[in-house]
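J.: You'll find protein-v5.txt just under this line, and it carries compact mmCIF, C-alpha atoms.
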```txt
# COMPACT_ATOMS: atom_id res chain seq x y z
CA MET E 421 100.99 94.80 122.39
CA GLY E 422 99.84 93.93 125.84
CA ASP E 423 98.97 90.56 127.23
CA PRO E 424 95.37 89.78 126.25
CA GLN E 425 94.65 88.80 129.85
CA GLY E 426 96.52 91.71 131.39
CA PRO E 427 95.08 94.85 132.96
CA SER E 428 95.83 97.03 129.92
CA GLN E 429 93.59 94.83 127.82
CA GLN E 430 90.86 94.75 130.45
CA GLY E 431 90.72 98.53 130.47
CA ALA E 432 90.80 98.78 126.68
CA PRO E 433 87.78 99.75 124.57
CA PRO E 434 85.55 96.83 123.44
CA LEU E 435 87.06 96.60 119.95
CA GLU E 436 90.57 96.19 121.35
CA ARG E 437 89.35 93.47 123.70
CA ALA E 438 87.65 91.61 120.84
CA VAL E 439 90.53 91.75 118.38
CA ASP E 440 93.68 89.66 118.61
CA LEU E 441 96.01 92.18 117.03
CA ALA E 442 99.09 89.93 117.03
CA ARG E 443 97.28 87.18 115.13
CA LEU E 444 95.58 89.74 112.89
CA GLN E 445 98.86 91.37 111.91
CA ALA E 446 100.34 87.91 111.29
CA GLY E 447 97.70 87.39 108.60
CA ASP E 448 95.60 84.86 110.51
CA LYS E 449 92.31 84.26 108.66
CA TRP E 450 90.28 83.56 111.81
CA ALA E 451 91.50 86.80 113.40
CA TRP E 452 90.71 88.76 110.21
CA ASP E 453 87.14 87.41 110.04
CA ARG E 454 86.59 88.31 113.67
CA PHE E 455 88.07 91.78 113.08
CA VAL E 456 85.79 92.37 110.07
CA ARG E 457 82.75 91.36 112.12
CA ARG E 458 83.64 93.75 114.98
CA ALA E 459 85.14 96.66 113.02
CA GLY E 460 82.59 96.67 110.18
CA PRO E 461 79.84 98.53 112.08
CA ILE E 462 82.34 101.19 113.26
CA ILE E 463 83.79 101.81 109.79
CA TYR E 464 80.38 101.68 108.16
CA ALA E 465 78.90 104.19 110.64
CA ALA E 466 81.70 106.70 110.09
CA VAL E 467 81.40 106.41 106.30
CA LEU E 468 77.61 106.60 106.38
CA ARG E 469 77.65 109.64 108.64
CA ARG E 470 79.67 111.52 106.05
CA LEU E 471 78.00 110.24 102.88
CA ALA E 472 74.33 110.33 103.94
CA PRO E 473 74.02 114.15 104.14
CA ALA E 474 75.51 114.32 100.62
CA GLY E 475 72.84 111.92 99.34
CA ALA E 476 75.39 109.15 98.80
CA ALA E 477 74.33 106.69 101.51
CA ALA E 478 73.97 103.92 98.93
CA GLU E 479 77.72 104.14 98.28
CA ALA E 480 78.69 103.65 101.92
CA GLU E 481 79.11 99.90 101.54
CA ASP E 482 81.62 100.28 98.71
CA VAL E 483 83.58 102.96 100.56
CA ALA E 484 83.71 100.73 103.65
CA GLN E 485 85.10 97.96 101.44
CA GLU E 486 87.80 100.38 100.24
CA VAL E 487 88.79 100.92 103.86
CA PHE E 488 89.09 97.18 104.49
CA ALA E 489 91.03 96.72 101.25
CA ARG E 490 93.40 99.46 102.36
CA LEU E 491 93.86 97.82 105.74
CA CYS E 492 95.22 94.66 104.12
CA ARG E 493 97.04 96.30 101.22
CA ARG E 494 100.50 96.11 102.75
CA ASP E 495 102.51 93.01 103.63
CA ARG E 496 100.32 92.34 106.68
CA PRO E 497 96.88 93.55 107.83
CA LEU E 498 96.86 96.81 109.82
CA ALA E 499 100.58 97.26 109.25
CA GLY E 500 100.26 101.02 109.83
CA TYR E 501 98.54 100.72 113.20
CA ASP E 502 100.35 101.01 116.51
CA PRO E 503 98.22 100.37 119.63
CA GLU E 504 100.64 102.44 121.72
CA ARG E 505 99.71 105.56 119.74
CA ALA E 506 95.92 105.51 119.37
CA SER E 507 92.90 103.35 120.06
CA LEU E 508 91.92 101.03 117.23
CA SER E 509 88.38 102.39 117.02
CA THR E 510 89.58 105.99 116.63
CA PHE E 511 92.19 104.96 114.04
CA LEU E 512 89.52 103.15 112.01
CA THR E 513 87.14 106.09 112.34
CA VAL E 514 89.80 108.47 110.97
CA LEU E 515 90.51 106.10 108.07
CA ALA E 516 86.81 105.68 107.30
CA THR E 517 86.04 109.40 107.51
CA SER E 518 89.04 110.21 105.32
CA ALA E 519 87.94 107.61 102.74
CA ALA E 520 84.41 109.05 102.70
CA ILE E 521 85.70 112.61 102.22
CA ASP E 522 88.01 111.44 99.40
CA HIS E 523 85.09 109.61 97.81
CA LEU E 524 82.91 112.72 97.81
CA ARG E 525 85.78 114.80 96.48
CA ARG E 526 86.37 112.37 93.58
CA LYS E 527 82.67 112.19 92.90
CA ARG E 528 82.16 115.92 92.69
CA PRO E 529 82.21 116.77 88.97
CA ALA E 530 84.58 119.52 88.04
CA ASP E 531 82.63 122.28 86.31
CA PRO E 532 84.07 123.18 82.92
CA ILE E 533 85.33 126.72 83.20
CA GLU E 534 83.11 127.87 80.31
CA SER E 535 80.00 126.92 82.27
CA VAL E 536 80.97 128.78 85.43
CA PRO E 537 79.27 132.18 85.69
CA GLU E 538 81.70 135.05 85.57
CA HIS E 539 80.75 136.35 88.98
CA ARG E 540 81.89 133.03 90.48
CA LEU E 541 85.28 133.31 88.84
CA SER E 542 85.93 136.79 90.09
CA VAL E 543 88.11 137.24 93.13
CA PRO E 544 86.61 139.56 95.74
CA ALA E 545 88.52 142.77 96.04
CA ILE E 546 90.21 143.04 99.39
CA GLU E 547 91.86 146.21 100.40
CA PRO E 548 95.54 145.64 101.17
CA ALA E 549 94.99 147.08 104.63
CA ASP E 550 92.53 144.29 105.38
CA ARG E 551 94.90 141.47 104.56
CA ILE E 552 96.88 141.05 107.72
CA ARG E 553 98.78 137.92 108.59
CA ILE E 554 99.13 136.86 112.19
CA PRO E 555 102.84 137.08 113.00
CA ASP E 556 104.44 133.81 114.02
CA GLY E 557 104.44 133.41 117.76
CA LEU E 558 101.70 135.96 118.45
CA LEU E 559 99.20 133.21 119.22
CA THR E 560 99.85 129.67 120.31
CA ALA E 561 98.62 126.83 118.09
CA ARG E 562 95.93 126.09 120.68
CA GLN E 563 94.76 129.74 120.71
CA LYS E 564 94.53 129.81 116.90
CA LEU E 565 92.65 126.51 116.93
CA VAL E 566 90.17 127.75 119.53
CA LEU E 567 89.45 130.91 117.49
CA THR E 568 89.08 128.82 114.35
CA LEU E 569 86.60 126.49 116.04
CA LEU E 570 84.57 129.34 117.54
CA TYR E 571 84.54 131.77 114.61
CA ASP E 572 85.19 129.78 111.44
CA ARG E 573 83.31 126.62 112.35
CA GLU E 574 80.90 128.52 114.62
CA MET E 575 81.07 125.91 117.38
CA GLU E 576 79.52 126.53 120.75
CA VAL E 577 81.91 126.69 123.70
CA ALA E 578 80.75 123.31 125.01
CA GLU E 579 81.28 121.66 121.63
CA ALA E 580 84.74 123.17 121.22
CA ALA E 581 85.59 122.05 124.76
CA SER E 582 84.43 118.53 124.02
CA PHE E 583 86.43 118.44 120.79
CA LEU E 584 89.59 119.63 122.54
CA ARG E 585 88.88 117.54 125.66
CA VAL E 586 89.12 120.51 127.98
CA ASP E 587 86.81 122.33 130.36
CA PRO E 588 84.48 124.97 128.80
CA GLN E 589 86.07 127.56 131.07
CA THR E 590 89.44 126.79 129.47
CA ILE E 591 87.94 127.63 126.08
CA ARG E 592 86.62 130.97 127.37
CA SER E 593 89.94 131.79 128.96
CA THR E 594 91.93 130.79 125.86
CA HIS E 595 89.62 132.87 123.67
CA HIS E 596 89.94 135.87 125.96
CA LYS E 597 93.75 135.74 126.04
CA ALA E 598 93.96 135.28 122.28
CA MET E 599 91.71 138.27 121.58
CA LEU E 600 93.66 140.44 123.99
CA ARG E 601 96.84 139.64 122.12
CA LEU E 602 95.28 140.26 118.71
CA ARG E 603 93.78 143.59 119.72
CA ALA E 604 96.97 144.73 121.38
CA HIS E 605 99.16 143.78 118.45
CA PHE E 606 96.95 145.32 115.80
CA GLY E 607 96.27 148.61 117.48
CA GLY E 608 93.36 147.79 119.71
CA ASP E 609 92.90 149.32 123.06
CA ALA E 610 93.48 146.25 125.17
CA PRO E 611 96.84 145.47 126.71
CA ALA E 612 98.67 142.38 125.49
CA ALA E 613 98.29 139.31 127.63
CA PRO E 614 101.45 137.31 128.15
CA LEU E 615 101.85 134.51 125.65
CA VAL E 616 101.02 131.36 127.57
CA SER E 617 102.09 127.85 126.93
CA GLN E 618 99.82 125.23 125.40
CA ASP E 619 99.01 123.73 128.75
CA GLU E 620 98.15 127.03 130.33
CA ALA E 621 95.99 127.93 127.33
CA MET L 1059 78.21 132.23 121.20
CA ILE L 1060 81.33 133.59 122.78
CA GLY L 1061 82.95 136.89 121.83
CA SER L 1062 81.61 140.06 120.27
CA ASP L 1063 81.00 140.85 116.60
CA ASN L 1064 84.12 142.99 116.71
CA ASP L 1065 86.12 139.99 117.90
CA LYS L 1066 84.72 137.94 115.06
CA GLN L 1067 85.50 140.60 112.47
CA LEU L 1068 89.00 140.99 113.82
CA TRP L 1069 89.61 137.26 113.55
CA ARG L 1070 88.11 137.16 110.05
CA ARG L 1071 90.64 139.71 108.81
CA PHE L 1072 93.43 137.36 109.84
CA ALA L 1073 91.70 134.17 108.81
CA ASP L 1074 91.14 135.53 105.28
CA ALA L 1075 94.85 136.20 105.01
CA GLN L 1076 95.85 132.68 106.00
CA GLY L 1077 95.32 131.34 102.47
CA SER L 1078 92.76 129.16 100.80
CA ALA L 1079 91.89 125.64 101.84
CA PRO L 1080 93.95 122.89 100.28
CA THR L 1081 91.99 120.80 97.79
CA SER L 1082 94.02 117.61 98.07
CA SER L 1083 93.66 115.00 100.80
CA PRO L 1084 94.63 116.56 104.13
CA LEU L 1085 96.47 113.45 105.31
CA GLU L 1086 99.53 111.93 103.73
CA GLY L 1087 99.48 108.27 104.65
CA GLU L 1088 98.90 106.05 107.63
CA ALA L 1089 101.45 107.80 109.83
CA ASP L 1090 99.42 111.02 109.53
CA GLU L 1091 96.18 109.16 110.16
CA LEU L 1092 97.59 107.50 113.23
CA LEU L 1093 98.89 110.87 114.47
CA LEU L 1094 95.47 112.47 114.04
CA ALA L 1095 93.81 109.50 115.80
CA ALA L 1096 96.29 109.90 118.67
CA TRP L 1097 95.41 113.59 118.91
CA ILE L 1098 91.66 112.87 118.91
CA ASP L 1099 92.24 110.32 121.70
CA GLY L 1100 94.10 113.01 123.68
CA ARG L 1101 97.31 110.96 123.73
CA LEU L 1102 99.68 113.62 122.37
CA GLU L 1103 101.70 115.93 124.56
CA GLY L 1104 104.03 118.91 124.17
CA ALA L 1105 105.56 119.68 120.79
CA GLU L 1106 103.77 116.84 119.04
CA ARG L 1107 100.37 118.07 120.17
CA GLU L 1108 101.26 121.64 119.30
CA ALA L 1109 102.35 120.61 115.79
CA VAL L 1110 99.05 118.81 115.13
CA GLU L 1111 97.04 121.75 116.47
CA ALA L 1112 99.00 124.21 114.33
CA ARG L 1113 98.16 122.09 111.28
CA LEU L 1114 94.50 121.90 112.30
CA ALA L 1115 94.30 125.67 112.75
CA GLY L 1116 95.85 126.29 109.33
CA ASP L 1117 94.22 123.56 107.26
CA PRO L 1118 90.40 123.68 107.09
CA ALA L 1119 90.23 120.31 105.28
CA LEU L 1120 92.22 118.61 108.02
CA LEU L 1121 90.11 120.30 110.70
CA ASP L 1122 86.95 119.15 108.92
CA LEU L 1123 88.26 115.58 108.95
CA ALA L 1124 89.22 115.80 112.64
CA VAL L 1125 85.84 117.23 113.70
CA SER L 1126 83.95 114.66 111.65
CA ALA L 1127 86.02 111.74 112.95
CA ALA L 1128 85.74 112.94 116.56
CA ARG L 1129 81.94 113.10 116.24
CA SER L 1130 81.78 109.63 114.65
CA ARG L 1131 84.13 108.03 117.16
CA ASN L 1132 81.66 106.07 119.23
CA LEU L 1133 79.13 105.37 116.51
CA SER L 1134 78.13 101.98 115.21
CA ALA L 1135 75.72 101.12 112.39
CA PRO L 1136 74.20 97.80 111.32
CA TRP L 1137 76.63 96.38 108.82
CA PRO L 1138 75.11 94.44 105.91
CA LYS L 1139 75.98 90.73 105.99
CA ARG L 1140 76.99 90.73 102.32
CA ALA L 1141 79.46 93.56 103.03
CA GLU L 1142 80.94 91.52 105.87
CA THR L 1143 81.33 88.53 103.57
CA ARG L 1144 83.06 90.67 100.92
CA ALA L 1145 85.44 92.19 103.44
CA ALA L 1146 86.21 88.82 105.03
CA ALA L 1147 87.10 87.42 101.59
CA LEU L 1148 89.94 89.93 101.28
CA ILE L 1149 92.10 87.51 103.25
CA VAL L 1150 92.01 83.86 102.27
CA PRO L 1151 93.08 80.98 104.53
CA ALA L 1152 96.81 80.42 104.28
CA ARG L 1153 97.67 77.44 102.10
CA PRO L 1154 100.70 75.37 103.11
CA SER L 1155 103.75 76.32 101.08
CA TRP L 1156 105.43 73.86 98.71
CA ARG L 1157 108.40 73.75 101.05
CA LEU L 1158 106.18 72.58 103.87
CA VAL L 1159 104.51 69.98 101.67
CA ALA L 1160 107.91 68.76 100.42
CA ALA L 1161 109.27 68.57 103.97
CA ALA L 1162 106.23 66.59 105.11
CA ALA L 1163 106.56 64.18 102.15
CA ALA L 1164 110.27 63.76 102.85
CA ALA L 1165 109.51 63.01 106.49
CA VAL L 1166 107.01 60.34 105.47
CA VAL L 1167 109.55 58.73 103.11
CA VAL L 1168 112.28 58.77 105.77
CA VAL L 1169 109.99 57.20 108.37
CA ALA L 1170 108.80 54.56 105.88
CA LEU L 1171 112.33 53.69 104.76
CA GLY L 1172 113.54 53.66 108.34
CA GLY L 1173 110.75 51.32 109.33
CA PHE L 1174 111.42 49.07 106.35
CA GLU L 1175 115.15 48.85 107.11
CA MET L 1176 114.54 48.20 110.76
CA GLY L 1177 112.08 45.48 109.90
CA ARG L 1178 114.50 43.83 107.48
CA ALA L 1179 117.40 44.00 109.94
CA GLY L 1180 115.18 42.57 112.63
CA SER L 1181 114.09 39.65 110.48
CA GLU L 1182 117.68 38.95 109.39
CA LEU L 1183 118.81 38.95 112.99
CA LEU L 1184 115.94 36.66 113.88
CA SER L 1185 116.75 34.23 111.06
CA ALA L 1186 120.47 34.28 111.94
CA ASP L 1187 119.70 33.54 115.57
CA ALA L 1188 117.27 30.81 114.56
CA GLY L 1189 119.91 29.19 112.28
CA THR L 1190 122.52 29.16 115.05
CA ASP L 1191 120.09 27.63 117.46
CA LEU L 1192 119.10 24.96 114.91
CA ALA L 1193 122.75 24.09 114.14
CA ALA L 1194 123.44 23.78 117.80
CA GLU L 1195 120.49 21.52 118.18
CA LEU L 1196 121.72 19.35 115.28
CA GLY L 1197 125.26 19.30 116.62
CA LEU L 1198 126.54 21.34 113.74
CA LEU L 1199 129.03 24.14 114.12
CA PRO L 1200 128.68 27.50 112.43
CA GLU L 1201 130.76 27.87 109.26
CA THR L 1202 133.48 29.94 110.89
CA ASP L 1203 133.88 27.50 113.72
CA LEU L 1204 134.10 24.62 111.23
CA MET L 1205 136.95 26.33 109.37
CA GLU L 1206 138.82 26.93 112.60
CA THR L 1207 138.35 23.25 113.51
CA LEU L 1208 139.64 22.11 110.12
CA LEU L 1209 142.65 24.38 110.26
```
Re-express the file's structure as structure tokens.

T.:
Amino acid sequence: MGDPQGPSQQGAPPLERAVDLARLQAGDKWAWDRFVRRAGPIIYAAVLRRLAPAGAAAEAEDVAQEVFARLCRRDRPLAGYDPERASLSTFLTVLATSAAIDHLRRKRPADPIESVPEHRLSVPAIEPADRIRIPDGLLTARQKLVLTLLYDREMEVAEAASFLRVDPQTIRSTHHKAMLRLRAHFGGDAPAAPLVSQDEA
Amino acid sequence: MIGSDNDKQLWRRFADAQGSAPTSSPLEGEADELLLAAWIDGRLEGAEREAVEARLAGDPALLDLAVSAARSRNLSAPWPKRAETRAAALIVPARPSWRLVAAAAAAVVVVALGGFEMGRAGSELLSADAGTDLAAELGLLPETDLMETLL
């Protein structure tokens, strides 16, 4: 951890500046109270954002408590956090979002199989010719991720670019190269583009 | 939207063959959560970044978590005071351990005894000096000197 007065701390996000991580991880009560006051709105917002659309906003407070309980479950508070790896606010947001998703998953009642209509149990028939796996190495991880974001999650280019922290043009270019490779490999008419590295893609 | 319908259909054929979404939690502990947070912050490079992105591309539940967390990253919501009080109560003020209490008590006893002994020694010295002075004034010799004189 950096010196609280040093330049790394001055450039840190507000939560990092407000929290004395060394004292917090040493179990200091004053530091914990201060952390709860500053981190509460961040954790609560992430939980609420996930629960509210599912009609479970009233449970957000309890789920946020679960996150805090988890943070001090080990021998010292925030034992699993390393400031060299990620910002504290992002780490807490991931924890809170994960807790909210788990909560919704636990809450969802499992339908007894007798009550499920038969058409929902049936597996759609897929012709063997349609089930094609992408060979390892054909696409880079970044290319697969870009296609997943654009086609499976139906993101706009700008949104995918923001998510991946790249320029929108990089998304277009990565998409184009990935499709060229797919078409070329599976009998399309386009020539295969050279497989590029992650950074190039 | 980028790409043609043909592109989308082509991708769908492969995506359908990738397998169904896992139903369990997409992350396995704090190390995974920290890794995903590092990726969202754009702090991963090279093989580490590629490994996370390969997992994201192949695990819809993990991708859902990552997208949701990335969108929530800079949000803040008014946090009920009672919730803050409950969370703050998870850590109680540290009470001094019995070892510390015992050490402090022992220190008090040592200081008290030391002071008492010093006081007693001081008063004895004072009374001894006073006796010598008085004997001298009366023309008496101390007991040891008297014995030497007699012998």

J.: Using only C-alpha atoms, which residues sit within 8 Å of Ala489 in chain E once same-chain residues fewer than 4 positions away are excluded, as a list in words?

T.: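 Listing them by chain and then by number gives Gln485 and Arg493 of chain E; Ala1145 and Leu1148 of chain L.
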
J.: Please write as number ranges by chain the list of polymer residues whose atoms come within 8 Å of (87.4, 134.5, 113.4), counting all atoms listed in the file and keeping to the coordinates of the file.

T.: E: 567-568, 570-572; L: 1065-1073

J.: Print the selection's residues with C-alpha atoms to a file, as a compact mmCIF listing (two decimals), in the frame of the given file.

T.:
```txt
# COMPACT_ATOMS: atom_id res chain seq x y z
CA LEU E 567 89.45 130.91 117.49
CA THR E 568 89.08 128.82 114.35
CA LEU E 570 84.57 129.34 117.54
CA TYR E 571 84.54 131.77 114.61
CA ASP E 572 85.19 129.78 111.44
CA ASP L 1065 86.12 139.99 117.90
CA LYS L 1066 84.72 137.94 115.06
CA GLN L 1067 85.50 140.60 112.47
CA LEU L 1068 89.00 140.99 113.82
CA TRP L 1069 89.61 137.26 113.55
CA ARG L 1070 88.11 137.16 110.05
CA ARG L 1071 90.64 139.71 108.81
CA PHE L 1072 93.43 137.36 109.84
CA ALA L 1073 91.70 134.17 108.81
```

J.: Report as JSON lines: every residue of chain E with an atom at most 6 Å from chain L, its closest pair of atoms, and their distance in Å to one decimal, counting all atoms listed in the file, with rows sorted by chain and ascending residue number.

T.:
```
{"residue": "E:Lys449", "atom": "CA", "partner": "L:Pro1151", "partner_atom": "CA", "distance": 5.3}
{"residue": "E:Asp453", "atom": "CA", "partner": "L:Ala1146", "partner_atom": "CA", "distance": 5.3}
{"residue": "E:Pro461", "atom": "CA", "partner": "L:Ala1135", "partner_atom": "CA", "distance": 4.9}
{"residue": "E:Ile462", "atom": "CA", "partner": "L:Ser1134", "partner_atom": "CA", "distance": 4.7}
{"residue": "E:Ala465", "atom": "CA", "partner": "L:Ala1135", "partner_atom": "CA", "distance": 4.8}
{"residue": "E:Ala466", "atom": "CA", "partner": "L:Ser1130", "partner_atom": "CA", "distance": 5.4}
{"residue": "E:Gly500", "atom": "CA", "partner": "L:Glu1088", "partner_atom": "CA", "distance": 5.7}
{"residue": "E:Arg505", "atom": "CA", "partner": "L:Ala1096", "partner_atom": "CA", "distance": 5.6}
{"residue": "E:Ala506", "atom": "CA", "partner": "L:Ala1096", "partner_atom": "CA", "distance": 4.5}
{"residue": "E:Thr510", "atom": "CA", "partner": "L:Ala1095", "partner_atom": "CA", "distance": 5.6}
{"residue": "E:Phe511", "atom": "CA", "partner": "L:Ala1095", "partner_atom": "CA", "distance": 5.1}
{"residue": "E:Thr513", "atom": "CA", "partner": "L:Ala1127", "partner_atom": "CA", "distance": 5.8}
{"residue": "E:Val514", "atom": "CA", "partner": "L:Ala1127", "partner_atom": "CA", "distance": 5.4}
{"residue": "E:Thr517", "atom": "CA", "partner": "L:Ala1127", "partner_atom": "CA", "distance": 5.9}
{"residue": "E:Arg551", "atom": "CA", "partner": "L:Ala1075", "partner_atom": "CA", "distance": 5.3}
{"residue": "E:Ile552", "atom": "CA", "partner": "L:Phe1072", "partner_atom": "CA", "distance": 5.5}
{"residue": "E:Arg553", "atom": "CA", "partner": "L:Phe1072", "partner_atom": "CA", "distance": 5.5}
{"residue": "E:Ala561", "atom": "CA", "partner": "L:Ala1112", "partner_atom": "CA", "distance": 4.6}
{"residue": "E:Lys564", "atom": "CA", "partner": "L:Ala1115", "partner_atom": "CA", "distance": 5.9}
{"residue": "E:Leu565", "atom": "CA", "partner": "L:Ala1115", "partner_atom": "CA", "distance": 4.6}
{"residue": "E:Glu576", "atom": "CA", "partner": "L:Met1059", "partner_atom": "CA", "distance": 5.9}
```

J.: Can you pull out the residues contacting Leu444 in chain E? Cut-off 10 Å, using all atoms listed in the file, and skip same-chain residues under 6 positions away; I want them as a list in words.

T.: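 In the requested format, the answer is Trp450, Ala451, Trp452, Asp453, Arg454, Phe455, Arg496, Pro497, Leu498 and Ala499 of chain E.
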
J.: Take the point (78.4, 125.7, 124.4) in the file's coordinates, draw a sphere of radius 12 Å around it, and report as a ChimeraX atom specification every protein, DNA or RNA residue with an atom inside or on it, counting only C-alpha atoms.

T.: /E:569-570,574-583,587-589,591-592 /L:1059-1060

J.: Record the distance separating CA of Glu1106 in chain L and CA of Leu558 in chain E, expressed in Å with one decimal.

T.: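 These atoms are spaced 19.2 Å apart.
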
J.: Near Ala459 in chain E, counting all atoms listed in the file, which residues have an atom at most 8 Å away, once you skip same-chain residues fewer than 3 positions from it, shown as a list in words?

T.: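 Non-adjacent residues within range: Leu435, Phe455, Val456, Ile462, Ile463, Ser509 and Leu512 of chain E.
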
J.: Please report the interatomic distance between CA of Lys527 in chain E and CA of Val483 in chain E in Å with one decimal.

T.: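 Computing the Euclidean distance for CA of Lys527 in chain E and CA of Val483 in chain E yields 12.0 Å.
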
J.: Could you work out how far CA of Gly557 in chain E lies from CA of Glu1086 in chain L, giving the answer in Å with one decimal?

T.: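 CA of Glu1086 in chain L sits 26.1 Å away from CA of Gly557 in chain E.
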